[in-house]
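Shown below: entry34.pdb, with PDB, C-alpha atoms.
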ATOM      1  CA  MET M   1      -3.118  -8.489 -15.773
ATOM      2  CA  ILE M   2       0.142  -9.782 -14.362
ATOM      3  CA  SER M   3       0.578 -13.384 -13.241
ATOM      4  CA  VAL M   4       3.620 -14.523 -11.283
ATOM      5  CA  ILE M   5       4.704 -18.162 -11.614
ATOM      6  CA  ILE M   6       6.993 -19.772  -9.044
ATOM      7  CA  PRO M   7       8.108 -23.392  -9.526
ATOM      8  CA  ALA M   8       9.088 -24.859  -6.160
ATOM      9  CA  TYR M   9      10.703 -28.115  -5.088
ATOM     10  CA  ASN M  10      11.425 -28.584  -1.366
ATOM     11  CA  GLU M  11      11.461 -24.854  -0.647
ATOM     12  CA  GLU M  12       9.694 -24.761   2.731
ATOM     13  CA  LYS M  13      12.499 -22.670   4.247
ATOM     14  CA  ASN M  14      12.763 -20.127   1.452
ATOM     15  CA  ILE M  15       9.538 -19.550  -0.469
ATOM     16  CA  LYS M  16       7.770 -17.620   2.293
ATOM     17  CA  ASN M  17      10.355 -14.847   1.938
ATOM     18  CA  VAL M  18       9.495 -14.431  -1.753
ATOM     19  CA  LEU M  19       5.740 -14.614  -1.159
ATOM     20  CA  ASN M  20       5.907 -12.041   1.653
ATOM     21  CA  VAL M  21       7.433  -9.567  -0.811
ATOM     22  CA  LEU M  22       5.005 -10.355  -3.630
ATOM     23  CA  LYS M  23       1.919  -9.783  -1.466
ATOM     24  CA  LYS M  24       3.051  -6.156  -1.015
ATOM     25  CA  ILE M  25       3.008  -5.457  -4.777
ATOM     26  CA  ASN M  26      -0.390  -4.156  -5.884
ATOM     27  CA  ILE M  27       0.135  -4.502  -9.652
ATOM     28  CA  ILE M  28       0.177  -8.310  -9.369
ATOM     29  CA  ASP M  29      -3.162  -9.927 -10.198
ATOM     30  CA  GLU M  30      -2.338 -13.527  -9.326
ATOM     31  CA  ILE M  31       0.489 -15.587  -7.889
ATOM     32  CA  ILE M  32       0.813 -19.206  -8.975
ATOM     33  CA  VAL M  33       3.051 -21.611  -7.065
ATOM     34  CA  VAL M  34       3.671 -24.961  -8.727
ATOM     35  CA  ASN M  35       4.717 -27.388  -6.005
ATOM     36  CA  ASP M  36       6.818 -29.830  -8.012
ATOM     37  CA  GLY M  37       6.359 -33.000  -5.969
ATOM     38  CA  SER M  38       8.025 -31.615  -2.836
ATOM     39  CA  THR M  39       8.649 -34.048   0.010
ATOM     40  CA  ASP M  40       8.941 -31.358   2.684
ATOM     41  CA  ASP M  41       6.342 -28.823   3.940
ATOM     42  CA  THR M  42       6.400 -26.564   0.872
ATOM     43  CA  GLU M  43       2.677 -27.148   0.296
ATOM     44  CA  LYS M  44       1.841 -26.345   3.927
ATOM     45  CA  VAL M  45       3.843 -23.103   3.881
ATOM     46  CA  VAL M  46       2.396 -21.927   0.568
ATOM     47  CA  SER M  47      -1.161 -22.688   1.702
ATOM     48  CA  LEU M  48      -0.809 -19.944   4.329
ATOM     49  CA  PHE M  49      -0.762 -17.356   1.509
ATOM     50  CA  GLU M  50      -3.524 -16.246  -0.857
ATOM     51  CA  VAL M  51      -2.057 -17.805  -3.988
ATOM     52  CA  LYS M  52      -3.071 -20.341  -6.584
ATOM     53  CA  LEU M  53      -1.327 -23.575  -5.575
ATOM     54  CA  ILE M  54      -0.780 -26.359  -8.097
ATOM     55  CA  ASN M  55       0.467 -29.608  -6.556
ATOM     56  CA  LEU M  56       2.261 -32.114  -8.773
ATOM     57  CA  ARG M  57       2.272 -35.618  -7.305
ATOM     58  CA  THR M  58       5.833 -36.370  -8.351
ATOM     59  CA  ASN M  59       8.887 -34.252  -9.128
ATOM     60  CA  LEU M  60       8.638 -33.617 -12.880
ATOM     61  CA  GLY M  61      11.327 -30.940 -13.149
ATOM     62  CA  LYS M  62      11.330 -27.194 -13.628
ATOM     63  CA  GLY M  63      10.267 -27.276 -17.277
ATOM     64  CA  ALA M  64       7.103 -29.237 -16.560
ATOM     65  CA  ALA M  65       6.324 -27.137 -13.483
ATOM     66  CA  VAL M  66       6.663 -23.869 -15.401
ATOM     67  CA  LYS M  67       4.490 -25.232 -18.205
ATOM     68  CA  ARG M  68       1.693 -26.080 -15.731
ATOM     69  CA  GLY M  69       1.942 -22.587 -14.315
ATOM     70  CA  ILE M  70       1.732 -20.947 -17.733
ATOM     71  CA  GLN M  71      -1.297 -23.039 -18.664
ATOM     72  CA  ALA M  72      -3.080 -21.997 -15.452
ATOM     73  CA  ALA M  73      -2.221 -18.297 -15.701
ATOM     74  CA  ASN M  74      -4.839 -15.671 -16.533
ATOM     75  CA  GLY M  75      -2.495 -12.709 -16.918
ATOM     76  CA  ASP M  76      -1.508 -10.987 -20.152
ATOM     77  CA  PHE M  77       2.021 -10.690 -18.759
ATOM     78  CA  LEU M  78       3.818 -13.520 -16.976
ATOM     79  CA  VAL M  79       6.713 -13.269 -14.547
ATOM     80  CA  LEU M  80       8.878 -16.260 -13.632
ATOM     81  CA  LEU M  81      10.636 -16.168 -10.266
ATOM     82  CA  ASP M  82      12.740 -18.650  -8.323
ATOM     83  CA  ALA M  83      11.472 -19.730  -4.914
ATOM     84  CA  ASP M  84      14.788 -19.272  -3.120
ATOM     85  CA  LEU M  85      15.608 -15.616  -3.751
ATOM     86  CA  ILE M  86      17.580 -13.645  -1.161
ATOM     87  CA  GLY M  87      17.276  -9.869  -0.908
ATOM     88  CA  PHE M  88      14.242  -9.742  -3.226
ATOM     89  CA  THR M  89      12.245  -6.483  -2.988
ATOM     90  CA  PRO M  90       9.231  -4.871  -4.709
ATOM     91  CA  GLU M  91      11.697  -2.571  -6.457
ATOM     92  CA  HIS M  92      13.364  -5.581  -8.087
ATOM     93  CA  PHE M  93       9.996  -6.823  -9.301
ATOM     94  CA  ASN M  94       9.002  -3.463 -10.760
ATOM     95  CA  LYS M  95      12.369  -3.138 -12.452
ATOM     96  CA  LEU M  96      11.930  -6.578 -14.029
ATOM     97  CA  VAL M  97       8.420  -6.030 -15.409
ATOM     98  CA  LYS M  98       8.484  -2.348 -16.369
ATOM     99  CA  PRO M  99      10.307  -2.676 -19.739
ATOM    100  CA  VAL M 100       7.842  -5.360 -20.882
ATOM    101  CA  LEU M 101       4.776  -3.486 -19.644
ATOM    102  CA  GLU M 102       5.921  -0.376 -21.498
ATOM    103  CA  ASN M 103       6.672  -2.416 -24.643
ATOM    104  CA  ASN M 104      10.334  -1.463 -24.626
ATOM    105  CA  CYS M 105      11.230  -5.134 -25.038
ATOM    106  CA  ASP M 106       9.593  -8.547 -25.426
ATOM    107  CA  MET M 107      11.403 -10.244 -22.548
ATOM    108  CA  THR M 108      13.448  -9.163 -19.564
ATOM    109  CA  VAL M 109      16.087 -11.315 -17.894
ATOM    110  CA  GLY M 110      16.996 -10.462 -14.319
ATOM    111  CA  VAL M 111      20.722 -10.624 -13.561
ATOM    112  CA  PHE M 112      22.047 -10.645  -9.985
ATOM    113  CA  SER M 113      24.602  -8.004  -9.031
ATOM    114  CA  SER M 114      26.204  -6.938  -5.742
ATOM    115  CA  GLY M 115      24.694  -9.995  -4.089
ATOM    116  CA  ARG M 116      27.343 -12.679  -3.672
ATOM    117  CA  LYS M 117      30.487 -13.045  -5.736
ATOM    118  CA  ARG M 118      29.760 -16.625  -6.884
ATOM    119  CA  THR M 119      26.222 -15.992  -8.084
ATOM    120  CA  ASP M 120      27.107 -12.566  -9.491
ATOM    121  CA  LEU M 121      29.963 -14.060 -11.520
ATOM    122  CA  ALA M 122      27.865 -16.979 -12.762
ATOM    123  CA  GLN M 123      25.135 -14.690 -14.040
ATOM    124  CA  LYS M 124      27.582 -12.199 -15.486
ATOM    125  CA  ILE M 125      29.200 -14.986 -17.509
ATOM    126  CA  ALA M 126      25.938 -16.750 -18.347
ATOM    127  CA  PRO M 127      22.879 -14.490 -17.891
ATOM    128  CA  PHE M 128      20.831 -16.985 -19.927
ATOM    129  CA  LEU M 129      20.756 -19.191 -16.796
ATOM    130  CA  SER M 130      18.667 -16.679 -14.862
ATOM    131  CA  GLY M 131      15.233 -17.863 -13.735
ATOM    132  CA  GLN M 132      13.943 -14.305 -13.264
ATOM    133  CA  ARG M 133      12.023 -13.388 -16.429
ATOM    134  CA  ALA M 134       9.077 -11.318 -17.623
ATOM    135  CA  LEU M 135       7.330 -11.948 -20.934
ATOM    136  CA  LYS M 136       3.970 -11.498 -22.617
ATOM    137  CA  LYS M 137       1.758 -14.540 -22.150
ATOM    138  CA  ASP M 138       1.114 -15.067 -25.862
ATOM    139  CA  LEU M 139       4.872 -15.394 -26.447
ATOM    140  CA  PHE M 140       5.133 -17.859 -23.564
ATOM    141  CA  ILE M 141       2.284 -19.906 -25.062
ATOM    142  CA  GLU M 142       4.038 -19.949 -28.431
ATOM    143  CA  PHE M 143       7.194 -21.089 -26.653
ATOM    144  CA  ILE M 144       5.628 -24.030 -24.805
ATOM    145  CA  ASN M 145       3.718 -25.093 -27.936
ATOM    146  CA  ASP M 146       6.913 -25.006 -29.991
ATOM    147  CA  LYS M 147       9.290 -26.626 -27.486
ATOM    148  CA  ASP M 148       8.912 -29.806 -25.440
ATOM    149  CA  ILE M 149       9.809 -28.252 -22.101
ATOM    150  CA  ASP M 150       8.257 -31.122 -20.120
ATOM    151  CA  ILE M 151      11.526 -33.024 -20.500
ATOM    152  CA  LEU M 152      13.679 -30.189 -19.155
ATOM    153  CA  LYS M 153      14.728 -30.659 -15.554
ATOM    154  CA  TYR M 154      16.972 -27.613 -15.533
ATOM    155  CA  GLY M 155      17.375 -26.279 -19.072
ATOM    156  CA  ILE M 156      14.202 -24.230 -19.504
ATOM    157  CA  GLU M 157      16.004 -20.890 -19.160
ATOM    158  CA  VAL M 158      18.457 -21.825 -21.912
ATOM    159  CA  ALA M 159      15.607 -23.077 -24.108
ATOM    160  CA  LEU M 160      13.748 -19.806 -23.582
ATOM    161  CA  THR M 161      16.862 -17.782 -24.428
ATOM    162  CA  LYS M 162      17.420 -19.811 -27.615
ATOM    163  CA  TYR M 163      13.764 -19.409 -28.557
ATOM    164  CA  ALA M 164      13.970 -15.629 -28.127
ATOM    165  CA  LYS M 165      17.003 -15.561 -30.398
ATOM    166  CA  GLU M 166      15.335 -17.740 -33.036
ATOM    167  CA  LYS M 167      12.255 -15.519 -33.055
ATOM    168  CA  HIS M 168      14.285 -12.282 -32.953
ATOM    169  CA  LEU M 169      12.592 -11.144 -29.753
ATOM    170  CA  ARG M 170      13.774  -7.974 -28.058
ATOM    171  CA  VAL M 171      15.543  -9.076 -24.863
ATOM    172  CA  GLN M 172      16.692  -6.717 -22.129
ATOM    173  CA  HIS M 173      18.949  -7.696 -19.217
ATOM    174  CA  VAL M 174      17.938  -6.031 -15.960
ATOM    175  CA  GLN M 175      20.421  -5.634 -13.112
ATOM    176  CA  LEU M 176      18.957  -6.823  -9.783
ATOM    177  CA  GLU M 177      21.248  -5.230  -7.221
ATOM    178  CA  ASN M 178      21.884  -6.781  -3.798
ATOM    179  CA  MET M 179      19.997  -9.904  -4.758
ATOM    180  CA  THR M 180      21.043 -13.545  -4.998
ATOM    181  CA  HIS M 181      19.704 -17.029  -4.369
ATOM    182  CA  ILE M 182      20.572 -20.117  -2.354
ATOM    183  CA  MET M 183      22.975 -22.441  -4.126
ATOM    184  CA  LYS M 184      22.366 -26.170  -4.513
ATOM    185  CA  GLU M 185      25.351 -27.021  -2.315
ATOM    186  CA  GLU M 186      23.788 -24.972   0.493
ATOM    187  CA  LYS M 187      20.402 -26.671   0.155
ATOM    188  CA  LEU M 188      21.550 -30.253  -0.268
ATOM    189  CA  GLY M 189      25.019 -30.373   1.230
ATOM    190  CA  PHE M 190      28.197 -30.230  -0.811
ATOM    191  CA  ILE M 191      28.199 -33.726  -2.348
ATOM    192  CA  LYS M 192      24.484 -33.931  -3.230
ATOM    193  CA  GLY M 193      24.482 -30.298  -4.316
ATOM    194  CA  PHE M 194      27.520 -30.798  -6.543
ATOM    195  CA  LYS M 195      25.907 -33.839  -8.182
ATOM    196  CA  ALA M 196      22.721 -31.841  -8.754
ATOM    197  CA  ARG M 197      24.794 -29.051 -10.305
ATOM    198  CA  LEU M 198      26.444 -31.525 -12.695
ATOM    199  CA  ARG M 199      23.021 -32.820 -13.736
ATOM    200  CA  MET M 200      21.911 -29.231 -14.300
ATOM    201  CA  TYR M 201      24.924 -28.483 -16.513
ATOM    202  CA  LYS M 202      24.332 -31.694 -18.464
ATOM    203  CA  ASP M 203      20.732 -30.696 -19.118
ATOM    204  CA  ILE M 204      21.780 -27.175 -20.087
ATOM    205  CA  LEU M 205      24.420 -28.427 -22.530
ATOM    206  CA  LYS M 206      21.908 -30.803 -24.075
ATOM    207  CA  VAL M 207      19.514 -27.930 -24.750
ATOM    208  CA  TRP M 208      22.254 -25.573 -25.932
ATOM    209  CA  MET M 209      23.679 -28.076 -28.404
TER     210      MET M 209
END
Could you take the file, read its structure, and then write that structure out as C-alpha cells?
Amino acid sequence: MISVIIPAYNEEKNIKNVLNVLKKINIIDEIIVVNDGSTDDTEKVVSLFEVKLINLRTNLGKGAAVKRGIQAANGDFLVLLDADLIGFTPEHFNKLVKPVLENNCDMTVGVFSSGRKRTDLAQKIAPFLSGQRALKKDLFIEFINDKDIDILKYGIEVALTKYAKEKHLRVQHVQLENMTHIMKEEKLGFIKGFKARLRMYKDILKVWM
C-alpha cells in the first residue's frame, strides 16, 4: 500500500491542483492531508476530495504536521509532497516512488529541474531541502521515534536527510523535470515572505548544526 502525506498551511489556492493529479494515480491507496491550522479555506477545498483530512487547531509547523500524517498512514510506503506544486504530473509521482518500490534505494528525494531558475538553482545547490520524498513506512516510524520533529517548523527535510546519512540509508535523487513550487514571497508578499524565508533558514541551520 502507498500512502501520500501532504502537510498544508493556507493552501486553498494551490492544493486542489496537486489533489487533482493524485486522484488520477491508481497505485495510491490513500491520500492524507494534514491541515496545519490554516486560517483560509484549505479545509473546505480539501473536503471536496476523497482524502483523509486531519485538521490541527493551531499552526504547529511542518514537522508536527508530517508526524501526524505518518501516524495516521496505513501504507507500507509513504510519499511526502508539498501542497503548492506547479507542473506536477502522474509521471513525476511514478518516477519518485518507483526506485523505493523496486527496492533500488531506501529513500528518494525529488529535485526540481527545468521549472524555474530560482527553484532549480536552490534545489541543485541544496537538494536536502526538497519536500518531495518517498520512503518505507517502517523507516519513517524509526525516524519520528528517534527525532523530535514536533519542534521543527521548517527543518524536517534536513533532519530526514541527516537521519538517512546516520543510518547509512540508500538515497537516490530523482529529477522532476518541468516542475516547481510557489515561493514564500509569492504567497505572502515580498516582506512577509522574506521574513518567513529567514525563519526557515534559521530552523534549517539549527537542525544542520
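Coordinates place atom CA of M:Ala134 at a distance of 13.0 Å from atom CA of M:Val66.
Here the PyMOL selection byres ((chain M and resi 40) around 12) catches exactly these residues: Ala8, Tyr9, Asn10, Glu11, Glu12, Lys13, Asn14, Asn35, Asp36, Gly37, Ser38, Thr39, Asp41, Thr42, Glu43, Lys44, Val45 and Val46 of chain M.
When you apply the PyMOL selection byres ((chain M and resi 92-109) around 6) to this structure, what comes back is Thr89, Pro90, Glu91, Gly110, Gln132, Arg133, Ala134, Leu135, Leu169, Arg170, Val171, Gln172, His173, Val174 and Leu176 of chain M.
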Quiz item: So what do you get for atom CA of M:Ala164 versus atom CA of M:Leu56, distance-wise?
Solution: 28.0 Å
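Taking all atoms listed in the file into account, the residues near (-0.5, -11.0, -28.7), no farther than 12 Å, are Asp76, Phe77, Asn103, Asp106, Leu135, Lys136, Lys137, Asp138, Leu139, Phe140, Ile141 and Glu142 of chain M.
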Restricting it to C-alpha atoms, dump the selection as a short mmCIF file (atom, residue, chain, number, x, y, z; two decimals), in the coordinates of the input.
data_model
loop_
_atom_site.label_atom_id
_atom_site.label_comp_id
_atom_site.auth_asym_id
_atom_site.auth_seq_id
_atom_site.Cartn_x
_atom_site.Cartn_y
_atom_site.Cartn_z
CA ASP M 76 -1.51 -10.99 -20.15
CA PHE M 77 2.02 -10.69 -18.76
CA ASN M 103 6.67 -2.42 -24.64
CA ASP M 106 9.59 -8.55 -25.43
CA LEU M 135 7.33 -11.95 -20.93
CA LYS M 136 3.97 -11.50 -22.62
CA LYS M 137 1.76 -14.54 -22.15
CA ASP M 138 1.11 -15.07 -25.86
CA LEU M 139 4.87 -15.39 -26.45
CA PHE M 140 5.13 -17.86 -23.56
CA ILE M 141 2.28 -19.91 -25.06
CA GLU M 142 4.04 -19.95 -28.43
#
Practice problem: Taking the file as shown, find all residues satisfying the PyMOL selection byres ((chain M and resi 49) around 12) and write them as a ChimeraX atom specification. | Solution: /M:15-23,30-33,42-48,50-53
How about saving the chosen residues, C-alpha atoms kept, as a short mmCIF file (atom, residue, chain, number, x, y, z; two decimals), in the coordinates of the input?
data_model
loop_
_atom_site.label_atom_id
_atom_site.label_comp_id
_atom_site.auth_asym_id
_atom_site.auth_seq_id
_atom_site.Cartn_x
_atom_site.Cartn_y
_atom_site.Cartn_z
CA ILE M 15 9.54 -19.55 -0.47
CA LYS M 16 7.77 -17.62 2.29
CA ASN M 17 10.36 -14.85 1.94
CA VAL M 18 9.49 -14.43 -1.75
CA LEU M 19 5.74 -14.61 -1.16
CA ASN M 20 5.91 -12.04 1.65
CA VAL M 21 7.43 -9.57 -0.81
CA LEU M 22 5.00 -10.36 -3.63
CA LYS M 23 1.92 -9.78 -1.47
CA GLU M 30 -2.34 -13.53 -9.33
CA ILE M 31 0.49 -15.59 -7.89
CA ILE M 32 0.81 -19.21 -8.98
CA VAL M 33 3.05 -21.61 -7.06
CA THR M 42 6.40 -26.56 0.87
CA GLU M 43 2.68 -27.15 0.30
CA LYS M 44 1.84 -26.34 3.93
CA VAL M 45 3.84 -23.10 3.88
CA VAL M 46 2.40 -21.93 0.57
CA SER M 47 -1.16 -22.69 1.70
CA LEU M 48 -0.81 -19.94 4.33
CA GLU M 50 -3.52 -16.25 -0.86
CA VAL M 51 -2.06 -17.80 -3.99
CA LYS M 52 -3.07 -20.34 -6.58
CA LEU M 53 -1.33 -23.58 -5.58
#
Practice problem: Can you work out the spacing between atom CA of M:Leu85 and atom CA of M:Gly131 in Å, to one decimal? | Solution: 10.2 Å
